[in-house]
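The data block below is entry-v6.txt; it holds compact mmCIF, C-alpha atoms and all ligand atoms.
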```txt
# COMPACT_ATOMS: atom_id res chain seq x y z
CA MET A 11 -63.80 15.69 -68.01
CA ARG A 12 -64.82 15.21 -71.63
CA SER A 13 -67.95 13.17 -71.91
CA LEU A 14 -67.55 10.13 -74.10
CA SER A 15 -70.15 8.17 -75.98
CA ARG A 16 -71.76 5.15 -74.36
CA ARG A 17 -70.02 3.01 -76.96
CA ALA A 18 -66.59 4.31 -75.94
CA ILE A 19 -67.39 3.70 -72.27
CA ALA A 20 -68.62 0.16 -73.02
CA TYR A 21 -65.38 -0.70 -74.87
CA HIS A 22 -63.32 0.87 -72.10
CA GLU A 23 -64.99 -1.22 -69.39
CA ALA A 24 -65.02 -4.32 -71.60
CA GLY A 25 -61.24 -3.97 -71.96
CA HIS A 26 -60.83 -3.91 -68.17
CA ALA A 27 -63.16 -6.92 -67.78
CA VAL A 28 -61.55 -9.12 -70.46
CA VAL A 29 -57.99 -8.52 -69.24
CA MET A 30 -59.04 -8.93 -65.62
CA GLU A 31 -60.37 -12.41 -66.44
CA ALA A 32 -57.35 -13.15 -68.65
CA VAL A 33 -54.91 -12.55 -65.77
CA GLY A 34 -57.00 -14.62 -63.37
CA VAL A 35 -58.78 -11.89 -61.41
CA ARG A 36 -62.45 -12.76 -61.54
CA VAL A 37 -64.91 -10.01 -62.42
CA ARG A 38 -67.69 -9.50 -59.88
CA ARG A 39 -69.62 -6.88 -61.79
CA ALA A 40 -69.16 -4.67 -64.87
CA THR A 41 -71.41 -1.71 -65.58
CA ILE A 42 -71.84 1.32 -67.81
CA VAL A 43 -74.47 2.81 -65.52
CA PRO A 44 -72.81 6.03 -64.33
CA SER A 45 -72.26 6.70 -60.64
CA LYS A 46 -71.46 10.04 -59.06
CA TYR A 47 -67.75 9.66 -59.82
CA GLU A 48 -67.49 7.24 -62.73
CA SER A 49 -69.07 6.72 -66.14
CA GLY A 50 -68.78 2.97 -65.61
CA SER A 51 -66.76 0.44 -63.64
CA VAL A 52 -65.53 -3.14 -63.34
CA CYS A 53 -65.21 -4.59 -59.84
CA PRO A 54 -63.09 -7.67 -59.18
CA HIS A 55 -64.40 -10.62 -57.19
CA GLU A 56 -61.90 -11.09 -54.46
CA GLY A 57 -59.73 -8.51 -52.70
CA GLU A 58 -56.93 -6.95 -54.64
CA SER A 59 -54.93 -8.45 -57.45
CA ASP A 60 -51.15 -8.37 -57.42
CA PRO A 61 -49.58 -5.06 -58.51
CA ALA A 62 -48.37 -6.35 -61.90
CA SER A 63 -51.85 -7.57 -62.88
CA GLN A 64 -53.36 -4.36 -61.54
CA VAL A 65 -51.10 -2.26 -63.75
CA LEU A 66 -52.13 -4.26 -66.81
CA ILE A 67 -55.82 -4.03 -65.93
CA ASP A 68 -55.57 -0.28 -65.35
CA LEU A 69 -53.77 0.43 -68.62
CA VAL A 70 -56.03 -1.58 -70.87
CA GLY A 71 -59.25 0.49 -70.57
CA VAL A 72 -58.07 3.43 -72.61
CA LEU A 73 -56.42 1.14 -75.17
CA ALA A 74 -59.67 -0.75 -75.79
CA GLU A 75 -61.67 2.48 -75.87
CA ARG A 76 -59.36 4.02 -78.47
CA ARG A 77 -59.00 0.89 -80.58
CA ALA A 78 -62.80 0.90 -80.96
CA ALA A 79 -62.40 4.40 -82.40
CA GLY A 80 -59.60 3.22 -84.71
CA ARG A 81 -56.88 5.04 -82.80
CA ARG A 82 -54.08 4.25 -80.42
CA PRO A 83 -53.54 6.50 -77.42
CA ARG A 84 -50.16 7.74 -76.29
CA LEU A 85 -48.81 6.82 -72.89
CA THR A 86 -48.01 9.91 -70.85
CA PHE A 87 -46.16 10.14 -67.57
CA PRO A 88 -46.04 12.53 -64.67
CA SER A 89 -42.86 14.54 -64.52
CA ALA A 90 -40.37 13.38 -61.91
CA THR A 91 -41.46 16.18 -59.62
CA ALA A 92 -45.17 16.63 -60.23
CA VAL A 93 -47.56 13.70 -60.26
CA SER A 94 -50.42 16.17 -60.07
CA TYR A 95 -49.58 17.44 -63.56
CA PHE A 96 -50.35 14.00 -64.93
CA HIS A 97 -53.61 14.02 -63.09
CA VAL A 98 -54.61 17.37 -64.52
CA LYS A 99 -53.41 16.46 -67.99
CA GLY A 100 -55.17 13.10 -67.77
CA ASP A 101 -58.42 14.77 -66.88
CA LEU A 102 -58.18 16.77 -70.07
CA ILE A 103 -57.38 13.76 -72.20
CA GLU A 104 -60.35 11.50 -71.75
CA TYR A 105 -62.67 9.54 -69.58
CA GLY A 106 -61.04 7.08 -67.25
CA ALA A 107 -57.52 7.78 -68.42
CA ALA A 108 -56.71 10.06 -65.49
CA VAL A 109 -57.83 7.76 -62.71
CA ASP A 110 -56.62 4.59 -64.47
CA GLY A 111 -53.27 6.18 -65.29
CA LEU A 112 -52.76 7.35 -61.75
CA ASN A 113 -53.78 3.93 -60.38
CA ALA A 114 -51.30 2.21 -62.71
CA TRP A 115 -48.60 4.70 -61.70
CA GLU A 116 -49.24 3.99 -58.02
CA ALA A 117 -49.51 0.19 -58.40
CA ALA A 118 -46.19 0.16 -60.26
CA ALA A 119 -44.44 1.93 -57.38
CA VAL A 120 -44.11 -1.34 -55.48
CA ILE A 121 -42.35 -2.99 -58.43
CA ALA A 122 -40.37 -0.04 -59.77
CA PRO A 123 -39.79 2.64 -57.14
CA SER A 124 -37.64 5.15 -59.04
CA HIS A 125 -39.15 7.42 -61.68
CA ARG A 126 -36.88 6.07 -64.43
CA GLU A 127 -37.56 2.44 -63.60
CA ARG A 128 -41.26 3.07 -63.35
CA THR A 129 -41.63 4.80 -66.72
CA ALA A 130 -39.67 1.93 -68.36
CA TYR A 131 -41.79 -0.66 -66.57
CA LEU A 132 -45.05 1.06 -67.51
CA ARG A 133 -43.96 1.36 -71.15
CA TRP A 134 -43.41 -2.41 -71.21
CA GLN A 135 -46.76 -3.12 -69.52
CA TRP A 136 -48.40 -0.70 -71.97
CA GLU A 137 -47.11 -2.79 -74.88
CA ARG A 138 -48.31 -5.96 -73.18
CA ALA A 139 -51.75 -4.43 -72.61
CA ALA A 140 -51.93 -3.32 -76.26
CA ALA A 141 -50.99 -6.84 -77.43
CA MET A 142 -53.63 -8.38 -75.17
CA VAL A 143 -56.32 -6.06 -76.52
CA GLU A 144 -55.27 -7.01 -80.03
CA ARG A 145 -55.32 -10.77 -79.34
CA ARG A 146 -58.59 -10.67 -77.44
CA TRP A 147 -60.43 -8.13 -79.55
CA VAL A 148 -63.37 -10.42 -80.40
CA GLU A 149 -63.88 -10.94 -76.66
CA VAL A 150 -63.68 -7.21 -75.95
CA GLU A 151 -66.22 -6.55 -78.72
CA ALA A 152 -68.58 -9.21 -77.35
CA VAL A 153 -68.45 -7.87 -73.78
CA ALA A 154 -68.88 -4.29 -75.04
CA ALA A 155 -71.95 -5.33 -77.06
CA ALA A 156 -73.41 -7.12 -74.03
CA LEU A 157 -72.78 -4.05 -71.85
CA LEU A 158 -74.46 -1.76 -74.36
CA LYS A 159 -77.47 -4.04 -74.40
CA ARG A 160 -77.76 -4.85 -70.70
CA LYS A 161 -75.85 -1.97 -68.98
CA THR A 162 -74.74 -4.19 -66.08
CA LEU A 163 -73.25 -7.69 -66.23
CA TYR A 164 -72.36 -9.94 -63.34
CA GLY A 165 -69.17 -12.00 -63.33
CA SER A 166 -70.74 -15.24 -64.53
CA GLU A 167 -72.37 -13.39 -67.45
CA VAL A 168 -69.08 -11.72 -68.38
CA ARG A 169 -67.35 -15.10 -68.37
CA ARG A 170 -70.13 -16.65 -70.48
CA VAL A 171 -69.85 -13.87 -73.08
CA ILE A 172 -66.05 -14.17 -73.18
CA ARG A 173 -66.18 -17.96 -73.54
CA ALA A 174 -68.78 -17.81 -76.33
CA ALA A 175 -66.77 -15.20 -78.25
CA HIS A 176 -63.60 -17.23 -77.80
CA LEU A 177 -65.24 -20.42 -79.10
CA ARG A 178 -66.82 -18.58 -82.02
CA ALA A 179 -63.45 -17.17 -83.07
CA LEU A 180 -61.83 -20.59 -82.66
CA GLY A 181 -64.54 -22.21 -84.80
CA GLU A 182 -64.05 -19.62 -87.51
CA ARG A 183 -60.30 -20.20 -87.55
CA ILE A 184 -60.78 -23.97 -87.84
CA ARG A 185 -63.38 -23.60 -90.63
CA ALA A 186 -61.05 -21.24 -92.50
CA LYS A 187 -58.29 -23.84 -92.29
CA PHE A 188 -60.34 -26.63 -93.86
CA ARG A 189 -62.07 -24.59 -96.50
ZN ZN B 1 -60.95 2.61 -66.69
```

Now that the file is in, can you turn its structure into structure tokens?
Ligand SMILES: [Zn+2]
Amino acid sequence: MRSLSRRAIAYHEAGHAVVMEAVGVRVRRATIVPSKYESGSVCPHEGESDPASQVLIDLVGVLAERRAAGRRPRLTFPSATAVSYFHVKGDLIEYGAAVDGLNAWEAAAVIAPSHRERTAYLRWQWERAAAMVERRWVEVEAVAAALLKRKTLYGSEVRRVIRAAHLRALGERIRAKFR
């Protein structure tokens, strides 16, 4: 696995956290303190979210991470016969993408069982995830900055940072209107 900068990891996890909250799955804890298996993580509050939300949450990490670097990643799929290829390829691509991609692929199986259906479904969710990152970029930036500063944030802190960023952006838009 390629090792990414702390900044990239913070944006990646911030993307997961912001979209998790946006789809109504409350964040319990977000961290960029590495564990044995992960460079960072975001844990939801209660049980599992529904598969559609899970797909969106899984896909958004790499989008946020790459947007911070001024790039947009490409969505890749396992071949119809070999899911393991995706896994291997994902590992070579970047941090998080392999596990997140595989999780999204598996969560989508409930909704779209056939390979054709599933790739079409994931392409659509990928576009939705990209649009959400775009719309909520100030929130992603604020959570990433807080993660870089504090390393670990609990759910209430994540929500406070998101709310403050949202209100700040709203205030700026209103001021711009009446200038
Ligand atoms: Zn991730």

TODO: May I have the residues within 12 Å of ligand ZN 1 (chain B), computed using only C-alpha atoms and all ligand atoms, as a PyMOL selection string?
DONE: chain A and resi 18-27+29-30+40-42+47-53+64-76+104-114

Save out the residues we just selected, C-alpha atoms, as a PDB file, in the frame of the given file.
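This went into again.pdb:
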```
ATOM      1  CA  ALA A  18     -66.590   4.310 -75.940  1.00  0.00           C
ATOM      2  CA  ILE A  19     -67.390   3.700 -72.270  1.00  0.00           C
ATOM      3  CA  ALA A  20     -68.620   0.160 -73.020  1.00  0.00           C
ATOM      4  CA  TYR A  21     -65.380  -0.700 -74.870  1.00  0.00           C
ATOM      5  CA  HIS A  22     -63.320   0.870 -72.100  1.00  0.00           C
ATOM      6  CA  GLU A  23     -64.990  -1.220 -69.390  1.00  0.00           C
ATOM      7  CA  ALA A  24     -65.020  -4.320 -71.600  1.00  0.00           C
ATOM      8  CA  GLY A  25     -61.240  -3.970 -71.960  1.00  0.00           C
ATOM      9  CA  HIS A  26     -60.830  -3.910 -68.170  1.00  0.00           C
ATOM     10  CA  ALA A  27     -63.160  -6.920 -67.780  1.00  0.00           C
ATOM     11  CA  VAL A  29     -57.990  -8.520 -69.240  1.00  0.00           C
ATOM     12  CA  MET A  30     -59.040  -8.930 -65.620  1.00  0.00           C
ATOM     13  CA  ALA A  40     -69.160  -4.670 -64.870  1.00  0.00           C
ATOM     14  CA  THR A  41     -71.410  -1.710 -65.580  1.00  0.00           C
ATOM     15  CA  ILE A  42     -71.840   1.320 -67.810  1.00  0.00           C
ATOM     16  CA  TYR A  47     -67.750   9.660 -59.820  1.00  0.00           C
ATOM     17  CA  GLU A  48     -67.490   7.240 -62.730  1.00  0.00           C
ATOM     18  CA  SER A  49     -69.070   6.720 -66.140  1.00  0.00           C
ATOM     19  CA  GLY A  50     -68.780   2.970 -65.610  1.00  0.00           C
ATOM     20  CA  SER A  51     -66.760   0.440 -63.640  1.00  0.00           C
ATOM     21  CA  VAL A  52     -65.530  -3.140 -63.340  1.00  0.00           C
ATOM     22  CA  CYS A  53     -65.210  -4.590 -59.840  1.00  0.00           C
ATOM     23  CA  GLN A  64     -53.360  -4.360 -61.540  1.00  0.00           C
ATOM     24  CA  VAL A  65     -51.100  -2.260 -63.750  1.00  0.00           C
ATOM     25  CA  LEU A  66     -52.130  -4.260 -66.810  1.00  0.00           C
ATOM     26  CA  ILE A  67     -55.820  -4.030 -65.930  1.00  0.00           C
ATOM     27  CA  ASP A  68     -55.570  -0.280 -65.350  1.00  0.00           C
ATOM     28  CA  LEU A  69     -53.770   0.430 -68.620  1.00  0.00           C
ATOM     29  CA  VAL A  70     -56.030  -1.580 -70.870  1.00  0.00           C
ATOM     30  CA  GLY A  71     -59.250   0.490 -70.570  1.00  0.00           C
ATOM     31  CA  VAL A  72     -58.070   3.430 -72.610  1.00  0.00           C
ATOM     32  CA  LEU A  73     -56.420   1.140 -75.170  1.00  0.00           C
ATOM     33  CA  ALA A  74     -59.670  -0.750 -75.790  1.00  0.00           C
ATOM     34  CA  GLU A  75     -61.670   2.480 -75.870  1.00  0.00           C
ATOM     35  CA  ARG A  76     -59.360   4.020 -78.470  1.00  0.00           C
ATOM     36  CA  GLU A 104     -60.350  11.500 -71.750  1.00  0.00           C
ATOM     37  CA  TYR A 105     -62.670   9.540 -69.580  1.00  0.00           C
ATOM     38  CA  GLY A 106     -61.040   7.080 -67.250  1.00  0.00           C
ATOM     39  CA  ALA A 107     -57.520   7.780 -68.420  1.00  0.00           C
ATOM     40  CA  ALA A 108     -56.710  10.060 -65.490  1.00  0.00           C
ATOM     41  CA  VAL A 109     -57.830   7.760 -62.710  1.00  0.00           C
ATOM     42  CA  ASP A 110     -56.620   4.590 -64.470  1.00  0.00           C
ATOM     43  CA  GLY A 111     -53.270   6.180 -65.290  1.00  0.00           C
ATOM     44  CA  LEU A 112     -52.760   7.350 -61.750  1.00  0.00           C
ATOM     45  CA  ASN A 113     -53.780   3.930 -60.380  1.00  0.00           C
ATOM     46  CA  ALA A 114     -51.300   2.210 -62.710  1.00  0.00           C
TER      47      ALA A 114
END
```

TODO: Take the point (-74.2, -5.3, -74.9) as written in the file and pick out every residue within 12 Å of it, counting all atoms listed in the file; give the list as a ChimeraX atom specification.
DONE: /A:16-17,19-21,23-24,40-42,149-163,167-168,171

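Reported to one decimal place, the separation of atom CA of A:Gln135 from atom CA of A:Ile121 is 11.9 Å.
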
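When atom CA of A:Ala119 is paired with atom CA of A:Arg138, their separation reads 18.1 Å.
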
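The spacing separating atom CA of A:His176 from atom CA of A:Val143 amounts to 13.4 Å.
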
Kindly compute an axis-aligned box around the listed atoms of stretch 21-25 of chain A, allowing 5 Å on each side, and express its centre and edge lengths in Å to one decimal as AutoDock Vina command-line options.
```
--center_x -63.3 --center_y -1.7 --center_z -72.1 --size_x 14.1 --size_y 15.2 --size_z 15.5
```

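Among the candidates A:Met142, A:Ala79, A:Ala122, A:Leu132, the residue lying nearest to A:Val28 is A:Met142 (atoms considered: only C-alpha atoms).
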
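Proximity to A:Gly165 was assessed for A:Pro44, A:His55, A:Ala62, A:Trp136 counting all atoms listed in the file; the smallest distance is recorded for A:His55.
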